[in-house]
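Visitor: So here's work10.txt (compact mmCIF, C-alpha atoms).
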```txt
# COMPACT_ATOMS: atom_id res chain seq x y z
CA MET A 419 -0.50 38.99 23.26
CA ASN A 420 0.07 35.56 21.73
CA GLU A 421 3.01 35.72 19.34
CA PHE A 422 2.00 32.52 17.56
CA GLU A 423 -0.39 32.05 14.67
CA THR A 424 -2.87 29.18 14.61
CA ILE A 425 -2.38 26.43 12.06
CA PRO A 426 -5.44 26.43 9.74
CA ALA A 427 -6.78 23.11 10.98
CA ASP A 428 -10.20 23.67 9.40
CA TYR A 429 -8.68 24.01 5.93
CA PHE A 430 -6.68 20.81 6.23
CA ASN A 431 -9.43 18.91 8.03
CA GLN A 432 -11.82 19.70 5.19
CA SER A 433 -9.25 18.25 2.79
CA TRP A 434 -8.96 15.20 5.09
CA LEU A 435 -5.36 15.83 6.06
CA ASN A 436 -7.08 15.78 9.40
CA ARG A 437 -4.07 15.20 11.64
CA GLN A 438 -1.52 18.00 12.03
CA HIS A 439 1.27 18.45 14.56
CA VAL A 440 3.57 21.47 14.71
CA PHE A 441 7.06 21.08 16.18
CA ASN A 442 9.52 23.87 16.89
CA LEU A 443 12.80 22.69 15.39
CA ALA A 444 14.72 23.97 18.41
CA GLU A 445 12.74 21.63 20.66
CA LEU A 446 13.24 18.45 18.64
CA PRO A 447 15.77 15.85 19.80
CA ALA A 448 19.16 16.60 18.31
CA ALA A 449 19.31 13.28 16.45
CA VAL A 450 16.01 14.04 14.72
CA LYS A 451 16.86 17.66 13.91
CA GLU A 452 20.26 16.84 12.41
CA LYS A 453 18.74 14.44 9.88
CA LEU A 454 16.34 17.15 8.72
CA ALA A 455 19.26 19.41 7.70
CA PRO A 456 17.31 22.66 8.23
CA GLN A 457 18.21 25.71 6.17
CA PRO A 458 18.67 29.22 7.60
CA GLY A 459 15.38 30.73 8.71
CA GLU A 460 13.53 27.44 8.97
CA ARG A 461 12.19 27.03 12.48
CA GLN A 462 9.23 24.65 12.39
CA LEU A 463 8.38 21.14 11.29
CA ILE A 464 4.79 20.25 10.47
CA LEU A 465 3.68 16.63 10.44
CA PHE A 466 0.52 15.93 8.43
CA GLY A 467 -1.47 12.74 8.56
CA HIS A 468 -4.91 11.42 7.92
CA GLY A 469 -7.21 9.28 10.00
CA GLY A 470 -10.02 7.16 8.58
CA ARG A 471 -11.21 6.52 5.05
CA ARG A 472 -12.32 9.98 3.95
CA LEU A 473 -8.93 11.02 2.50
CA TRP A 474 -9.12 8.15 0.04
CA GLU A 475 -12.62 9.30 -0.97
CA ALA A 476 -11.30 12.84 -1.52
CA VAL A 477 -8.39 11.56 -3.61
CA GLN A 478 -10.73 9.49 -5.77
CA ALA A 479 -13.05 12.48 -6.24
CA SER A 480 -10.10 14.67 -7.28
CA GLY A 481 -9.43 12.52 -10.34
CA LEU A 482 -5.69 12.49 -9.71
CA GLY A 483 -3.82 9.56 -11.18
CA GLY A 484 -0.16 8.71 -11.30
CA GLN A 485 1.84 6.23 -9.31
CA ASP A 486 0.62 7.54 -5.97
CA PRO A 487 -2.37 9.85 -6.16
CA ILE A 488 -2.45 10.14 -2.36
CA ASP A 489 1.00 11.71 -2.34
CA GLU A 490 0.07 14.04 -5.18
CA TYR A 491 -3.17 15.08 -3.49
CA SER A 492 -1.42 15.71 -0.17
CA THR A 493 1.37 17.83 -1.64
CA GLN A 494 -1.08 19.79 -3.81
CA THR A 495 -3.30 20.52 -0.81
CA ILE A 496 -0.36 21.85 1.23
CA SER A 497 1.15 23.81 -1.67
CA ASN A 498 -2.22 25.36 -2.49
CA TRP A 499 -2.64 26.58 1.08
CA PHE A 500 0.79 28.22 1.18
CA ALA A 501 0.26 29.81 -2.24
CA SER A 502 -3.17 31.19 -1.32
CA HIS A 503 -2.78 32.08 2.36
CA ALA A 504 0.93 32.46 3.10
CA PRO A 505 2.75 33.33 -0.13
CA ASP A 506 5.50 35.12 1.80
CA ARG A 507 6.36 32.05 3.84
CA HIS A 508 9.21 29.75 2.95
CA TYR A 509 8.49 26.02 3.12
CA ARG A 510 9.84 22.74 1.82
CA ILE A 511 7.97 19.45 1.59
CA LEU A 512 10.44 16.85 2.85
CA TYR A 513 8.02 13.97 2.64
CA PRO A 514 6.88 12.70 0.20
CA GLY A 515 10.34 13.05 -1.26
CA THR A 516 13.77 11.52 -1.52
CA GLN A 517 15.07 12.58 1.89
CA PRO A 518 14.78 9.80 4.48
CA ILE A 519 12.34 10.82 7.22
CA ALA A 520 11.78 8.86 10.43
CA LEU A 521 8.01 9.10 10.29
CA GLN A 522 7.29 6.76 13.18
CA ALA A 523 9.76 8.61 15.38
CA LEU A 524 7.94 11.86 14.64
CA GLY A 525 4.66 10.07 15.27
CA GLN A 526 5.89 8.97 18.68
CA LEU A 527 6.92 12.54 19.53
CA ALA A 528 3.45 13.73 18.49
CA GLY A 529 1.80 11.03 20.60
CA TRP A 530 0.22 9.43 17.52
CA HIS A 531 2.21 6.22 17.36
CA HIS A 532 2.15 3.06 19.43
CA ALA A 533 3.39 -0.15 17.82
CA ALA A 534 0.67 -2.76 17.28
CA PRO A 535 1.72 -6.44 17.31
CA PHE A 536 1.50 -6.39 13.49
CA MET A 537 3.94 -3.44 13.45
CA VAL A 538 1.60 -0.72 12.26
CA GLY A 539 1.10 2.41 14.33
CA ILE A 540 -2.04 2.44 16.45
CA ASP A 541 -3.83 4.74 18.85
CA SER A 542 -7.10 4.62 20.74
CA GLU A 543 -8.92 7.13 18.49
CA TRP A 544 -8.13 5.89 14.99
CA GLY A 545 -6.93 2.36 15.65
CA SER A 546 -4.40 1.50 12.96
CA TRP A 547 -6.41 3.37 10.36
CA PHE A 548 -4.20 6.42 9.97
CA ALA A 549 -1.06 7.24 8.04
CA TYR A 550 1.62 9.89 7.71
CA ARG A 551 1.00 11.93 4.59
CA ALA A 552 3.51 14.82 4.60
CA VAL A 553 6.35 16.47 6.51
CA VAL A 554 6.94 20.18 5.92
CA ILE A 555 9.83 22.30 7.19
CA SER A 556 9.14 26.03 7.17
CA ASP A 557 9.68 29.51 8.58
CA THR A 558 6.12 29.59 9.91
CA ASN A 559 5.22 30.80 13.38
CA PHE A 560 2.41 28.42 14.25
CA GLN A 561 1.53 27.54 17.81
CA PRO A 562 3.46 24.32 18.50
CA ASN A 563 1.41 21.35 19.62
CA LEU A 564 1.77 19.33 22.77
CA ALA A 565 1.92 15.58 22.29
CA VAL A 566 -1.52 14.00 22.47
CA ASP A 567 -1.97 11.70 25.45
CA ARG A 568 -3.54 8.45 24.29
CA ASN A 569 -2.63 5.10 25.78
CA ASN A 570 -1.61 2.13 23.68
CA PRO A 571 -4.88 0.20 23.21
CA CYS A 572 -2.98 -3.03 22.61
CA LEU A 573 -1.91 -3.11 26.26
CA THR A 574 -5.51 -3.68 27.38
CA CYS A 575 -6.51 -5.99 24.51
CA ALA A 576 -6.54 -9.41 26.14
CA ALA A 577 -7.78 -11.41 23.14
CA LYS A 578 -5.31 -10.01 20.59
CA PRO A 579 -7.21 -11.47 17.60
CA CYS A 580 -4.60 -10.04 15.24
CA ILE A 581 -2.11 -12.74 16.30
CA ALA A 582 -4.43 -15.63 15.49
CA ALA A 583 -5.61 -14.00 12.25
CA CYS A 584 -2.12 -13.84 10.72
CA PRO A 585 -1.83 -16.73 8.21
CA ALA A 586 1.97 -16.43 8.25
CA ALA A 587 2.10 -16.87 12.05
CA ALA A 588 4.40 -13.84 12.06
CA MET A 589 3.52 -13.03 15.68
CA ALA A 590 3.31 -16.56 17.04
CA ASP A 591 6.44 -16.20 19.18
CA GLY A 592 5.15 -13.12 20.97
CA LYS A 593 6.89 -10.57 18.78
CA PHE A 594 6.69 -9.69 15.13
CA ALA A 595 8.93 -11.66 12.77
CA LEU A 596 9.39 -9.89 9.44
CA SER A 597 10.62 -12.80 7.32
CA PRO A 598 7.52 -15.01 7.64
CA CYS A 599 5.34 -12.01 6.79
CA LEU A 600 7.34 -11.08 3.68
CA ASN A 601 7.66 -14.67 2.50
CA TYR A 602 3.96 -15.34 2.84
CA ARG A 603 2.95 -12.14 1.07
CA GLN A 604 4.99 -13.15 -1.99
CA GLN A 605 3.37 -16.56 -2.35
CA GLY A 606 1.12 -16.97 -5.36
CA ASP A 607 -1.90 -17.93 -3.27
CA SER A 608 -1.25 -15.44 -0.45
CA SER A 609 -4.37 -13.99 1.17
CA CYS A 610 -2.25 -11.06 2.37
CA ALA A 611 -0.79 -9.96 -0.96
CA HIS A 612 -3.04 -6.91 -1.11
CA THR A 613 -4.27 -6.64 2.45
CA CYS A 614 -3.35 -7.59 6.02
CA LEU A 615 -5.66 -10.04 7.76
CA ALA A 616 -4.08 -9.32 11.14
CA ARG A 617 -4.79 -5.62 10.77
CA LEU A 618 -8.36 -6.28 9.67
CA ALA A 619 -8.90 -8.44 12.76
CA CYS A 620 -7.93 -5.61 15.12
CA PRO A 621 -10.99 -4.56 17.17
CA ILE A 622 -9.84 -0.96 17.75
CA ALA A 623 -11.82 1.75 15.91
CA PRO A 624 -13.36 -0.52 13.24
CA GLU A 625 -15.57 2.38 12.10
CA HIS A 626 -12.47 3.97 10.55
CA ARG A 627 -11.33 0.84 8.69
CA TYR A 628 -10.08 1.47 5.16
CA THR A 629 -12.10 0.20 2.23
CA ALA A 630 -10.88 -2.88 0.36
CA GLU A 631 -9.92 -0.59 -2.56
CA GLN A 632 -7.72 1.59 -0.36
CA MET A 633 -6.13 -1.46 1.28
CA ARG A 634 -5.37 -2.92 -2.14
CA HIS A 635 -3.77 0.34 -3.29
CA SER A 636 -1.50 0.61 -0.24
CA TYR A 637 -0.52 -3.04 0.03
CA SER A 638 0.04 -3.44 -3.71
CA ARG A 639 2.63 -0.67 -3.46
CA SER A 640 4.39 -2.33 -0.54
CA LEU A 641 4.32 -5.72 -2.28
CA LYS A 642 5.91 -4.20 -5.38
CA LEU A 643 8.68 -2.71 -3.23
CA ILE A 644 9.26 -6.05 -1.49
CA ARG A 645 9.64 -7.82 -4.83
CA GLU A 646 11.95 -5.12 -6.22
CA LEU A 647 14.21 -5.33 -3.17
CA LYS A 648 14.34 -9.11 -3.49
CA MET A 649 15.40 -8.83 -7.14
CA HIS A 650 18.30 -6.52 -6.25
CA ARG A 651 19.78 -8.65 -3.48
```
Translate the structure described by the file into structure tokens.
Guide:
Amino acid sequence: MNEFETIPADYFNQSWLNRQHVFNLAELPAAVKEKLAPQPGERQLILFGHGGRRLWEAVQASGLGGQDPIDEYSTQTISNWFASHAPDRHYRILYPGTQPIALQALGQLAGWHHAAPFMVGIDSEWGSWFAYRAVVISDTNFQPNLAVDRNNPCLTCAAKPCIAACPAAAMADGKFALSPCLNYRQQGDSSCAHTCLARLACPIAPEHRYTAEQMRHSYSRSLKLIRELKMHR
């Protein structure tokens, strides 16, 4: 008899948190586990993400506002499931939150993340059009997932149009240079203030490409953070 429960993928998929990966805490690398600071009884970590544009559509339909309606929608969706279907389970939402979480490291362990030349995670199914939406630590007993096995599509992309499309020439030397990217984005006439032309030029999974509205939302937030950090130097 299987001792594990099955994570309710259908519930989360219908809410467009359509990527889930369950880790047993005991099986995580020590360096990752220590930073999570688990409490007694907590034994699993659940990574939630979304792929494609449908999450943004669901967030817009929900009418949620605030500084980041995607975060609010994601945490509400998870909290609603626990309240309705597992009220006796203990859980904590670590991300979104104040605790630093190495999202890309978790993505690599899940098999979701390969680094594109423009330094956004990419895989062969979703291209770069996915994101990490929540990290939950809990006393659940879900069946842990094996890492998905998808090759890095950038390794077989000979043309690499993303490099030529970058107006800041941030990848011109064969590896990503952060300073040219940040400097260009802050220019008054920047064409990458609220988007990323290199990312848009990527030929992998264009059917999942975010809408201009979603790109503007995400990149406006990152631009605001860049400017705030600059002011406090």
Visitor: Near Asn559 of chain A, counting only C-alpha atoms, which residues have an atom at most 12 Å away, once you skip same-chain residues fewer than 6 positions from it, shown as a ChimeraX atom specification?
Guide: /A:420-425,440-443,459-464,504,507-509
Visitor: Write out the residues from the selection above, keeping C-alpha atoms, as a PDB file, keeping the file's coordinate frame.
Guide:
```pdb
ATOM      1  CA  ASN A 420       0.070  35.560  21.730  1.00  0.00           C
ATOM      2  CA  GLU A 421       3.010  35.720  19.340  1.00  0.00           C
ATOM      3  CA  PHE A 422       2.000  32.520  17.560  1.00  0.00           C
ATOM      4  CA  GLU A 423      -0.390  32.050  14.670  1.00  0.00           C
ATOM      5  CA  THR A 424      -2.870  29.180  14.610  1.00  0.00           C
ATOM      6  CA  ILE A 425      -2.380  26.430  12.060  1.00  0.00           C
ATOM      7  CA  VAL A 440       3.570  21.470  14.710  1.00  0.00           C
ATOM      8  CA  PHE A 441       7.060  21.080  16.180  1.00  0.00           C
ATOM      9  CA  ASN A 442       9.520  23.870  16.890  1.00  0.00           C
ATOM     10  CA  LEU A 443      12.800  22.690  15.390  1.00  0.00           C
ATOM     11  CA  GLY A 459      15.380  30.730   8.710  1.00  0.00           C
ATOM     12  CA  GLU A 460      13.530  27.440   8.970  1.00  0.00           C
ATOM     13  CA  ARG A 461      12.190  27.030  12.480  1.00  0.00           C
ATOM     14  CA  GLN A 462       9.230  24.650  12.390  1.00  0.00           C
ATOM     15  CA  LEU A 463       8.380  21.140  11.290  1.00  0.00           C
ATOM     16  CA  ILE A 464       4.790  20.250  10.470  1.00  0.00           C
ATOM     17  CA  ALA A 504       0.930  32.460   3.100  1.00  0.00           C
ATOM     18  CA  ARG A 507       6.360  32.050   3.840  1.00  0.00           C
ATOM     19  CA  HIS A 508       9.210  29.750   2.950  1.00  0.00           C
ATOM     20  CA  TYR A 509       8.490  26.020   3.120  1.00  0.00           C
TER      21      TYR A 509
END
```
Visitor: Can you pull out every residue within 12 Å of Arg634 of chain A, counting all atoms listed in the file, but drop anything in the same chain fewer than 2 positions away, and send it as an MDAnalysis selection string?
Guide: chainID A and resid 474 609:614 628:632 636:642
Visitor: Calculated over only C-alpha atoms, which of the candidates A:Cys620, A:Ala533, A:Gln494, A:Ser433 has the smallest distance to Ala576 of chain A?
Guide: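 Between A:Cys620, A:Ala533, A:Gln494, A:Ser433, the residue approaching Ala576 of chain A most closely is A:Cys620.
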Visitor: What does the distance between atom CA of Ala476 of chain A and atom CA of Asp506 of chain A come to in Å, to one decimal place?
Guide: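 If I compute the distance from atom CA of Ala476 of chain A to atom CA of Asp506 of chain A, I get 28.1 Å.
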Visitor: If we count all atoms listed in the file, what is near Asp428 of chain A at a cut-off of 12 Å, once residues fewer than 4 positions away on the same chain are taken out, given as a VMD selection string?
Guide: chain A and resid 424 432 to 438 499
Visitor: Filtering to C-alpha atoms, could you give me those residues as an mmCIF file, in the coordinates of the input?
Guide:
```cif
data_model
loop_
_atom_site.group_PDB
_atom_site.id
_atom_site.type_symbol
_atom_site.label_atom_id
_atom_site.label_comp_id
_atom_site.auth_asym_id
_atom_site.auth_seq_id
_atom_site.Cartn_x
_atom_site.Cartn_y
_atom_site.Cartn_z
ATOM 1 C CA THR A 424 -2.870 29.180 14.610
ATOM 2 C CA GLN A 432 -11.820 19.700 5.190
ATOM 3 C CA SER A 433 -9.250 18.250 2.790
ATOM 4 C CA TRP A 434 -8.960 15.200 5.090
ATOM 5 C CA LEU A 435 -5.360 15.830 6.060
ATOM 6 C CA ASN A 436 -7.080 15.780 9.400
ATOM 7 C CA ARG A 437 -4.070 15.200 11.640
ATOM 8 C CA GLN A 438 -1.520 18.000 12.030
ATOM 9 C CA TRP A 499 -2.640 26.580 1.080
#
```
Visitor: Hey, could you make a per-residue contact list for segment 551-580 of chain A against segment 519-524 of chain A with 12 Å as the cut-off, showing the nearest pair of atoms and its distance in Å to one decimal, counting only C-alpha atoms, sorted by chain and number, as a tab-separated table?
Guide:
```
residue	atom	partner	partner_atom	distance
A:Arg551	CA	A:Leu521	CA	9.5
A:Ala552	CA	A:Leu521	CA	9.2
A:Val553	CA	A:Ile519	CA	8.3
A:Val554	CA	A:Ile519	CA	10.9
A:Ile555	CA	A:Ile519	CA	11.8
A:Ala565	CA	A:Leu524	CA	10.4
```
Visitor: (-4.8, 10.5, 27.0) in this file's frame - what residues fall within 12 Å of it? Use all atoms listed in the file and give the answer as an NGL selection string.
Guide: :A and (529-530 or 541-543 or 564-571)
Visitor: Env of segment 584-592 of chain A: 9 Å cut, atoms = all atoms listed in the file, seq-sep filter 6 positions within chain, self excluded. Answer as a ChimeraX atom specification.
Guide: /A:535-536,598-603,608-610,614-617,619
Visitor: Next, dump the selected residues to file, keeping only C-alpha atoms, as a PDB file, in the coordinates of the input.
Guide:
```pdb
ATOM      1  CA  PRO A 535       1.720  -6.440  17.310  1.00  0.00           C
ATOM      2  CA  PHE A 536       1.500  -6.390  13.490  1.00  0.00           C
ATOM      3  CA  PRO A 598       7.520 -15.010   7.640  1.00  0.00           C
ATOM      4  CA  CYS A 599       5.340 -12.010   6.790  1.00  0.00           C
ATOM      5  CA  LEU A 600       7.340 -11.080   3.680  1.00  0.00           C
ATOM      6  CA  ASN A 601       7.660 -14.670   2.500  1.00  0.00           C
ATOM      7  CA  TYR A 602       3.960 -15.340   2.840  1.00  0.00           C
ATOM      8  CA  ARG A 603       2.950 -12.140   1.070  1.00  0.00           C
ATOM      9  CA  SER A 608      -1.250 -15.440  -0.450  1.00  0.00           C
ATOM     10  CA  SER A 609      -4.370 -13.990   1.170  1.00  0.00           C
ATOM     11  CA  CYS A 610      -2.250 -11.060   2.370  1.00  0.00           C
ATOM     12  CA  CYS A 614      -3.350  -7.590   6.020  1.00  0.00           C
ATOM     13  CA  LEU A 615      -5.660 -10.040   7.760  1.00  0.00           C
ATOM     14  CA  ALA A 616      -4.080  -9.320  11.140  1.00  0.00           C
ATOM     15  CA  ARG A 617      -4.790  -5.620  10.770  1.00  0.00           C
ATOM     16  CA  ALA A 619      -8.900  -8.440  12.760  1.00  0.00           C
TER      17      ALA A 619
END
```
Visitor: Could you tell me how far atom CA of Ala534 of chain A sits from atom CA of Leu618 of chain A, in Å to one decimal place?
Guide: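 Pair atom CA of Leu618 of chain A / atom CA of Ala534 of chain A returns 12.3 Å.
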Visitor: Give the answer as one residue: which of A:Gln457, A:Gln526, A:Ser556, A:Gln478 has the shortest atom-to-atom distance to Ile511 of chain A, using all atoms listed in the file?
Guide: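 Among A:Gln457, A:Gln526, A:Ser556, A:Gln478, it is A:Ser556 that comes nearest to Ile511 of chain A.
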Visitor: To one decimal in Å, tell me the separation between atom CA of Cys575 of chain A and atom CA of Pro621 of chain A.
Guide: 8.7 Å
Visitor: Looking at A:Phe560, A:Arg472, A:Ala479, A:Leu527, which one is nearest to Ala427 of chain A, with distances taken over all atoms listed in the file?
Guide: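 Among A:Phe560, A:Arg472, A:Ala479, A:Leu527, it is A:Phe560 that comes nearest to Ala427 of chain A.
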